[in-house]
Amino acid sequence: MSRLRFRAGGEWAAEAARRAPAALILLGVVSIGLFAAVEVLPGDPASQALGMNAEPERVARLRAELGLDRPLYERYLDWVGGLITGDPGVSAVTGRSVGPVVAEYAGRSAVLATMALVLVVGVAVPAAIVAGSRPGALRDRVGSLTALTVLSVPEFVLATLLVAVFAHGLGWFPPVSLVGSGTQALTAPEKLVLPTLTLAAVAGSFTFRLVRSAVAEASTSAHVEAARLAGIRESGVLARHLLPSVRAPIWQAVALAIPYLVGGALVVETAFGYPGLGALAAEAAARRDAVLLGSAGMVLATVAVAGFLIAELAGRDGSIARAVRQAGAPR
């Protein structure tokens, strides 16, 4: 058993190392896109700070002071070099060091995403297993219809509905999730409920459909049907015969929920006024702050790419997936 686990872990590590260069190249492309996106937008931090009616001479002086008159590729290379060394530079708008700002906002986003992921794993995954274990049953139809309905509703609309019901209607939670600068998000847990539910509902519905599909397919396999015909209780069929064969797809679905959370954060944090990385990126884009937007965006992109990489490794049908199943198979 231990030898199989060691072999599986070693193969996972080797496969992850083999795919790492492609992931780094993808992040490099994303970094170029983020930094160049600000350049194609009208205006820049200098005109934003002085106003659109400012004299051209004043704008030119401020651009020179901020280093915005340098070629784009020079500013990009300086920024990338700073990312590699851990110091992405200074915001052209606020003059503050970008690293601590991104770290502070990332901490708040991590709290929100972690709570949403806990709900996905604790609610959506078990519900999908129960629904998929009996394909076509009432619980399966209700769960599938509910997940599809939630997925069909945009995050912003879902957030608005939750605010209308639980904030304005029932008055249970605040309609916005403002957290002061330097304040830990967990000091005001009531402000986290609605954005967490919104994120978890979207990611959870996506995860539900993936897990339910894998479980439904496995539930019709010969060994599961044989276990049921042998008179084994449903809980025993699930624990000993069904779940061991779908562990890899479940892990894959949970890993794929991570990019969903990243994408949802861009909308949900803005909708609730929650000061996380998604809201920071939106604010930086509005201010044409390339360094701040790129740094916040790269953190989000890195988390999303990591989620896709983990999902790809977990869902492989090759030797790694087989080794993991063998290592964890009941004896």
# chains A, B, ... in the order shown; residues from 1 in each chain; ligands from 1
$ residues_around --residues "A:Val29" --least-positions-apart "5" --cutoff "12 Å" --atoms "only C-alpha atoms" --output "list in words"
Ala22, Ala23, Leu24, Leu34, Phe35, Ala36, Val80, Gly294, Met298, Ala301 and Thr302 of chain A
$ write_last_selection --atoms "N, CA and C atoms" --output "mmCIF file, in the first residue's frame"
data_model
loop_
_atom_site.group_PDB
_atom_site.id
_atom_site.type_symbol
_atom_site.label_atom_id
_atom_site.label_comp_id
_atom_site.auth_asym_id
_atom_site.auth_seq_id
_atom_site.Cartn_x
_atom_site.Cartn_y
_atom_site.Cartn_z
ATOM 1 N N ALA A 22 4.208 24.726 -19.676
ATOM 2 C CA ALA A 22 3.050 25.210 -20.424
ATOM 3 C C ALA A 22 2.220 26.181 -19.587
ATOM 4 N N ALA A 23 2.092 25.872 -18.291
ATOM 5 C CA ALA A 23 1.348 26.771 -17.408
ATOM 6 C C ALA A 23 2.057 28.117 -17.273
ATOM 7 N N LEU A 24 3.387 28.090 -17.197
ATOM 8 C CA LEU A 24 4.151 29.341 -17.095
ATOM 9 C C LEU A 24 4.032 30.165 -18.370
ATOM 10 N N LEU A 34 -2.783 41.550 -19.810
ATOM 11 C CA LEU A 34 -3.221 42.447 -18.740
ATOM 12 C C LEU A 34 -2.526 43.799 -18.826
ATOM 13 N N PHE A 35 -1.226 43.774 -19.058
ATOM 14 C CA PHE A 35 -0.474 45.030 -19.080
ATOM 15 C C PHE A 35 -0.819 45.856 -20.306
ATOM 16 N N ALA A 36 -1.038 45.175 -21.443
ATOM 17 C CA ALA A 36 -1.339 45.905 -22.672
ATOM 18 C C ALA A 36 -2.784 46.382 -22.717
ATOM 19 N N VAL A 80 7.489 42.857 -14.800
ATOM 20 C CA VAL A 80 7.669 41.407 -14.729
ATOM 21 C C VAL A 80 8.872 41.059 -13.862
ATOM 22 N N GLY A 294 -2.271 44.603 -13.387
ATOM 23 C CA GLY A 294 -1.506 43.422 -13.763
ATOM 24 C C GLY A 294 -1.159 42.554 -12.576
ATOM 25 N N MET A 298 -2.625 38.893 -12.100
ATOM 26 C CA MET A 298 -1.726 37.742 -12.147
ATOM 27 C C MET A 298 -1.964 36.798 -10.978
ATOM 28 N N ALA A 301 -5.067 34.936 -11.988
ATOM 29 C CA ALA A 301 -4.769 34.014 -13.081
ATOM 30 C C ALA A 301 -3.963 32.818 -12.596
ATOM 31 N N THR A 302 -3.031 33.052 -11.683
ATOM 32 C CA THR A 302 -2.216 31.947 -11.163
ATOM 33 C C THR A 302 -3.078 30.941 -10.417
#
$ residues_around --residues "A:Gly136" --least-positions-apart "5" --cutoff "12 Å" --atoms "only C-alpha atoms" --output "ChimeraX atom specification"
/A:130-131,141-145,212-213,216-217,219-220
$ atom_distance --atom1 "atom CA of A:Gly204" --atom2 "atom CA of A:Val120"
4.8 Å
$ residues_around --residues "A:Phe156" --least-positions-apart "4" --cutoff "12 Å" --atoms "only C-alpha atoms" --output "count of residues only"
19
$ closest_residue --among "A:Phe166, A:Phe206, A:Phe173, A:Tyr105" --to "A:Leu280" --atoms "only C-alpha atoms"
A:Tyr105
